[in-house]
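The structure file target-v1.tsv is reproduced below (TSV, C-alpha atoms).
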chain	number	residue	atom	x	y	z
P	1	MET	CA	-27.30	0.14	6.67
P	2	GLY	CA	-26.10	-0.71	3.17
P	3	THR	CA	-26.14	2.99	2.19
P	4	GLN	CA	-24.18	3.94	5.30
P	5	ARG	CA	-21.61	1.28	4.52
P	6	SER	CA	-21.32	2.52	0.93
P	7	ASP	CA	-20.87	6.11	2.10
P	8	MET	CA	-18.13	5.01	4.45
P	9	GLN	CA	-16.46	3.02	1.68
P	10	ARG	CA	-16.57	6.00	-0.68
P	11	LEU	CA	-15.10	8.36	1.91
P	12	THR	CA	-12.41	5.87	2.88
P	13	PHE	CA	-11.51	5.34	-0.78
P	14	LYS	CA	-11.48	9.07	-1.58
P	15	TYR	CA	-9.26	10.08	1.34
P	16	ARG	CA	-7.08	6.95	1.54
P	17	SER	CA	-3.96	8.95	0.61
P	18	TYR	CA	-4.43	11.32	3.57
P	19	THR	CA	-5.17	8.92	6.42
P	20	PRO	CA	-1.47	8.10	7.02
P	21	ILE	CA	-0.64	11.77	7.73
P	22	PRO	CA	-1.60	11.81	11.47
P	23	PHE	CA	0.45	8.67	12.06
P	24	LEU	CA	3.43	10.10	10.18
P	25	ILE	CA	3.29	13.32	12.20
P	26	ILE	CA	3.28	11.37	15.48
P	27	ILE	CA	6.09	9.15	14.20
P	28	VAL	CA	8.34	12.14	13.48
P	29	VAL	CA	7.47	14.03	16.68
P	30	VAL	CA	8.12	11.16	19.12
P	31	ALA	CA	10.71	9.24	17.10
P	32	GLU	CA	13.52	7.50	18.99
P	33	PRO	CA	15.44	5.86	16.14
P	34	THR	CA	18.53	3.73	16.55
P	35	LEU	CA	21.05	2.76	13.90
P	36	PRO	CA	19.73	-0.85	13.70
P	37	SER	CA	16.12	0.36	13.52
P	38	LEU	CA	17.00	2.75	10.69
P	39	VAL	CA	18.67	0.02	8.66
P	40	ILE	CA	16.02	-2.67	9.26
P	41	GLY	CA	13.13	-0.26	8.79
P	42	LEU	CA	14.57	1.17	5.58
P	43	LEU	CA	14.98	-2.34	4.14
P	44	ILE	CA	11.29	-3.04	4.87
P	45	VAL	CA	10.33	0.27	3.24
P	46	ILE	CA	12.36	-0.58	0.13
P	47	VAL	CA	10.71	-3.99	-0.19
P	48	GLY	CA	7.24	-2.49	0.29
P	49	GLU	CA	7.81	0.28	-2.24
P	50	SER	CA	9.29	-2.23	-4.69
P	51	VAL	CA	6.04	-4.21	-4.52
P	52	ARG	CA	4.07	-0.99	-5.05
P	53	PHE	CA	6.24	0.10	-7.95
P	54	TRP	CA	5.95	-3.29	-9.63
P	55	GLY	CA	2.18	-3.20	-9.33
P	56	VAL	CA	1.77	0.42	-10.46
P	57	SER	CA	4.08	-0.18	-13.44
P	58	ILE	CA	1.56	-2.76	-14.66
P	59	ALA	CA	-1.78	-1.33	-13.50
P	60	GLY	CA	-0.94	2.25	-14.51
P	61	SER	CA	-2.39	5.57	-13.39
P	62	GLU	CA	-5.85	4.09	-12.76
P	63	THR	CA	-4.55	3.20	-9.29
P	64	ARG	CA	-4.46	6.94	-8.47
P	65	THR	CA	-8.16	7.62	-8.92
P	66	THR	CA	-9.98	8.99	-5.87
P	67	ARG	CA	-13.51	9.62	-7.18
P	68	MET	CA	-14.85	6.13	-7.80
P	69	VAL	CA	-13.50	2.61	-7.96
P	70	GLY	CA	-12.97	1.35	-11.48
P	71	GLY	CA	-10.68	-0.39	-13.89
P	72	SER	CA	-10.54	-0.83	-17.64
P	73	HIS	CA	-8.71	-4.16	-17.34
P	74	LEU	CA	-8.57	-7.01	-14.86
P	75	VAL	CA	-4.87	-7.06	-13.98
P	76	THR	CA	-3.64	-10.51	-12.96
P	77	SER	CA	0.04	-10.33	-13.95
P	78	GLY	CA	3.14	-9.26	-12.03
P	79	PRO	CA	2.51	-9.02	-8.28
P	80	PHE	CA	-1.23	-9.36	-8.93
P	81	ALA	CA	-0.53	-12.99	-9.85
P	82	TYR	CA	0.44	-13.61	-6.22
P	83	VAL	CA	-1.87	-11.34	-4.23
P	84	ARG	CA	-4.99	-9.43	-5.29
P	85	ASN	CA	-4.01	-6.13	-3.66
P	86	PRO	CA	-0.22	-5.75	-3.93
P	87	LEU	CA	-0.37	-1.95	-3.68
P	88	TYR	CA	-2.13	-2.12	-0.32
P	89	VAL	CA	0.24	-4.84	0.87
P	90	GLY	CA	3.13	-2.64	-0.24
P	91	ASN	CA	1.61	0.33	1.60
P	92	ILE	CA	1.39	-1.59	4.85
P	93	MET	CA	5.00	-2.74	4.48
P	94	VAL	CA	6.08	0.88	3.93
P	95	TYR	CA	4.18	1.99	7.05
P	96	VAL	CA	5.68	-0.86	9.06
P	97	GLY	CA	9.15	0.04	7.81
P	98	ILE	CA	8.75	3.70	8.77
P	99	GLY	CA	7.44	2.66	12.18
P	100	VAL	CA	10.45	0.42	12.74
P	101	MET	CA	12.81	3.16	11.53
P	102	SER	CA	11.43	5.69	13.97
P	103	MET	CA	10.76	3.39	16.96
P	104	ALA	CA	8.03	5.89	17.89
P	105	LEU	CA	5.99	4.53	20.82
P	106	PHE	CA	7.16	1.12	19.62
P	107	PRO	CA	5.40	-1.27	19.22
P	108	TRP	CA	2.01	0.17	20.20
P	109	LEU	CA	1.74	2.93	17.61
P	110	LEU	CA	2.78	0.48	14.91
P	111	ILE	CA	0.17	-2.06	16.02
P	112	ILE	CA	-2.59	0.59	16.09
P	113	ALA	CA	-1.56	1.88	12.65
P	114	CYS	CA	-1.52	-1.61	11.12
P	115	LEU	CA	-4.98	-2.38	12.54
P	116	TRP	CA	-6.32	0.92	11.23
P	117	PHE	CA	-4.97	0.39	7.71
P	118	TYR	CA	-6.16	-3.21	7.66
P	119	VAL	CA	-9.71	-2.08	8.45
P	120	GLN	CA	-9.46	0.77	5.93
P	121	TYR	CA	-8.26	-1.52	3.15
P	122	ARG	CA	-10.90	-4.13	3.96
P	123	LEU	CA	-13.59	-1.49	3.39
P	124	ILE	CA	-12.00	-0.27	0.16
P	125	VAL	CA	-11.32	-3.75	-1.22
P	126	ALA	CA	-14.88	-4.93	-0.56
P	127	TRP	CA	-16.18	-2.03	-2.68
P	128	GLU	CA	-13.57	-2.57	-5.40
P	129	GLU	CA	-14.41	-6.26	-5.61
P	130	GLU	CA	-18.11	-5.55	-6.05
P	131	PHE	CA	-17.22	-3.47	-9.10
P	132	LEU	CA	-14.77	-6.03	-10.49
P	133	LEU	CA	-17.24	-8.88	-10.09
P	134	GLN	CA	-19.94	-6.91	-11.91
P	135	ARG	CA	-17.59	-5.86	-14.72
P	136	PHE	CA	-15.52	-8.99	-15.28
P	137	GLY	CA	-17.85	-11.69	-13.98
P	138	ALA	CA	-16.51	-15.24	-14.10
P	139	GLU	CA	-13.01	-14.06	-14.99
P	140	PHE	CA	-12.71	-12.15	-11.71
P	141	ALA	CA	-14.56	-14.88	-9.78
P	142	ASP	CA	-11.90	-17.40	-10.84
P	143	TYR	CA	-9.12	-14.98	-9.95
P	144	GLN	CA	-10.76	-14.26	-6.60
P	145	LYS	CA	-11.03	-17.97	-5.91
P	146	HIS	CA	-7.33	-18.67	-6.48
P	147	VAL	CA	-5.59	-15.48	-5.28
P	148	ARG	CA	-6.07	-14.10	-1.75
P	149	ARG	CA	-6.67	-10.46	-0.86
P	150	PHE	CA	-3.64	-9.75	1.30
P	151	LEU	CA	-1.76	-12.99	1.89
P	152	PRO	CA	0.43	-13.86	-1.12
P	153	ARG	CA	0.31	-17.32	-2.64
P	154	MET	CA	3.56	-19.18	-3.22
P	155	THR	CA	3.03	-19.94	-6.91
P	156	LYS	CA	2.07	-17.65	-9.78
P	157	TYR	CA	-1.58	-17.52	-10.78
P	158	VAL	CA	-2.04	-18.28	-14.48
P	159	PRO	CA	-5.28	-16.86	-15.93
P	160	SER	CA	-7.18	-18.56	-18.74
P	161	ALA	CA	-6.77	-15.45	-20.92
P	162	PRO	CA	-3.42	-13.70	-21.58
P	163	ALA	CA	-2.58	-10.80	-19.26
P	164	PRO	CA	-3.75	-7.52	-20.86
P	165	ARG	CA	-0.85	-5.47	-19.52
P	166	THR	CA	2.90	-5.75	-19.09
P	167	MET	CA	5.30	-3.81	-16.91
P	168	ASN	CA	6.16	-0.25	-17.97
P	169	ALA	CA	8.75	1.32	-15.64
P	170	GLN	CA	8.17	4.81	-17.06
P	171	ILE	CA	4.49	4.65	-16.15
P	172	GLY	CA	5.50	3.40	-12.71
P	173	LEU	CA	7.91	6.28	-12.15
P	174	THR	CA	5.37	8.85	-13.30
P	175	SER	CA	2.63	7.45	-11.09
P	176	GLU	CA	4.85	6.87	-8.05
P	177	ARG	CA	6.60	10.25	-8.04
P	178	ARG	CA	4.59	11.65	-5.14
P	179	THR	CA	4.87	8.44	-3.14
P	180	LEU	CA	8.64	8.29	-3.63
P	181	GLN	CA	8.95	11.95	-2.62
P	182	ALA	CA	6.87	11.34	0.51
P	183	ILE	CA	8.95	8.30	1.50
P	184	ALA	CA	12.18	10.24	0.93
P	185	LEU	CA	10.91	13.17	3.01
P	186	VAL	CA	9.77	11.04	5.96
P	187	THR	CA	13.00	9.01	5.86
P	188	LEU	CA	15.07	12.22	5.84
P	189	MET	CA	13.10	13.56	8.82
P	190	VAL	CA	13.58	10.37	10.86
P	191	VAL	CA	17.30	10.27	10.02
P	192	THR	CA	17.56	13.95	11.03
P	193	VAL	CA	15.94	13.14	14.38
P	194	TYR	CA	18.48	10.36	14.88
P	195	VAL	CA	21.40	12.67	14.07
P	196	VAL	CA	20.11	15.46	16.35
P	197	GLN	CA	19.40	13.10	19.27
P	198	HIS	CA	22.84	11.54	19.10
P	199	TRP	CA	24.58	14.89	18.54
P	200	GLN	CA	22.97	16.16	21.76
P	201	LEU	CA	24.40	13.16	23.61
Can the structure from this file be put into structure tokens for me?
Amino acid sequence: MGTQRSDMQRLTFKYRSYTPIPFLIIIVVVAEPTLPSLVIGLLIVIVGESVRFWGVSIAGSETRTTRMVGGSHLVTSGPFAYVRNPLYVGNIMVYVGIGVMSMALFPWLLIIACLWFYVQYRLIVAWEEEFLLQRFGAEFADYQKHVRRFLPRMTKYVPSAPAPRTMNAQIGLTSERRTLQAIALVTLMVVTVYVVQHWQL
């Protein structure tokens, strides 16, 4: 049972960048966007990607690995001082924003997608945390005790040791290029659907 769970965790971790694709295809195909949904959804997307960008600009390119979980440093600064998995929180916000923008099968497709990604990230995070606990021991245990997985705390977590990394926007831009391109492409497609649907009217 433990081996099966580990295999599932490895596969989920390896292909985590591809699992949104079926949802995004459905979103574009059955989209019924409105002007308010485009504006509200885009604002949610911007907030979610801002959280991602902030986190990636501190954690660096290690967040892009797909082979095995790992980490040369325990990152507890920036958004990591408020929530342990800001990139995954940002991802979910981006998906929610795109779902709101498109209004595709709203709200059922959005609910199903959020449940799916929550389960996926729970599997991934459990595996990541096993590694972090083994590597960083009491330091990670204290961090884990004071900062939740997905629900941000209101005050900044202050570790006993100084944060090993600071924000580097250039690293963030380099690492996030594909994500930003994907968001821009999906947004353009949903806006195009809106324009075409209203032009036909």
Item to check | Pick from P:Thr34, P:Thr19, P:Thr76, P:Gln9, whichever lies nearest to Met167 in chain P using all atoms listed in the file | outcome: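 So, comparing all the options, the nearest one is P:Thr76.
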Next on the checklist: I'd like the neighbourhood of range 141-145 of chain P as a list of chain:residue names, where a residue qualifies if any of its atoms comes within 10 Å (using all atoms listed in the file), though same-chain residues fewer than 4 positions away should be ignored.
Outcome noted: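 Listed by chain and then number, they are P:Leu74, P:Val75, P:Thr76, P:Phe80, P:Ala81, P:Val83, P:Arg84, P:Glu129, P:Leu132, P:Leu133, P:Gln134, P:Phe136, P:Gly137, P:Arg149, P:Tyr157, P:Val158, P:Pro159, P:Ser160.
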Just C-alpha atoms for this one: save the residues we selected as an mmCIF file, in the frame of the given file.
data_model
loop_
_atom_site.group_PDB
_atom_site.id
_atom_site.type_symbol
_atom_site.label_atom_id
_atom_site.label_comp_id
_atom_site.auth_asym_id
_atom_site.auth_seq_id
_atom_site.Cartn_x
_atom_site.Cartn_y
_atom_site.Cartn_z
ATOM 1 C CA LEU P 74 -8.570 -7.010 -14.860
ATOM 2 C CA VAL P 75 -4.870 -7.060 -13.980
ATOM 3 C CA THR P 76 -3.640 -10.510 -12.960
ATOM 4 C CA PHE P 80 -1.230 -9.360 -8.930
ATOM 5 C CA ALA P 81 -0.530 -12.990 -9.850
ATOM 6 C CA VAL P 83 -1.870 -11.340 -4.230
ATOM 7 C CA ARG P 84 -4.990 -9.430 -5.290
ATOM 8 C CA GLU P 129 -14.410 -6.260 -5.610
ATOM 9 C CA LEU P 132 -14.770 -6.030 -10.490
ATOM 10 C CA LEU P 133 -17.240 -8.880 -10.090
ATOM 11 C CA GLN P 134 -19.940 -6.910 -11.910
ATOM 12 C CA PHE P 136 -15.520 -8.990 -15.280
ATOM 13 C CA GLY P 137 -17.850 -11.690 -13.980
ATOM 14 C CA ARG P 149 -6.670 -10.460 -0.860
ATOM 15 C CA TYR P 157 -1.580 -17.520 -10.780
ATOM 16 C CA VAL P 158 -2.040 -18.280 -14.480
ATOM 17 C CA PRO P 159 -5.280 -16.860 -15.930
ATOM 18 C CA SER P 160 -7.180 -18.560 -18.740
#
Next on the checklist: I'd like to know which of P:Met8, P:Cys114, P:Val89, P:Ala31 is closest to Arg148 in chain P, using only C-alpha atoms.
Outcome noted: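 Using only C-alpha atoms, Arg148 in chain P sits closest to P:Val89.
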Checklist entry - Closest to Gly99 in chain P among P:Ile46, P:Leu24, P:Leu185, P:Val196, using only C-alpha atoms? => result P:Leu24
Item to check | Contacts of Ala182 in chain P within 12 Å, all atoms listed in the file, excl. fewer than 5 positions in-chain, as a ChimeraX atom specification | outcome: /P:17-18,20-21,24,45,49,94-95,98,176-177,187-189
Next on the checklist: What's the separation between CA of Asn168 in chain P and CA of Gly60 in chain P, in Å to one decimal place?
Outcome noted: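 If I compute the distance from CA of Asn168 in chain P to CA of Gly60 in chain P, I get 8.3 Å.
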Checklist entry - CA of Phe106 in chain P and CA of Gly90 in chain P, how far apart in Å? => result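 About the pair CA of Gly90 in chain P and CA of Phe106 in chain P: they are 20.6 Å apart.
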Next on the checklist: Between CA of Pro86 in chain P and CA of Gln181 in chain P, what distance in Å does the model show, to one decimal?
Outcome noted: 20.0 Å
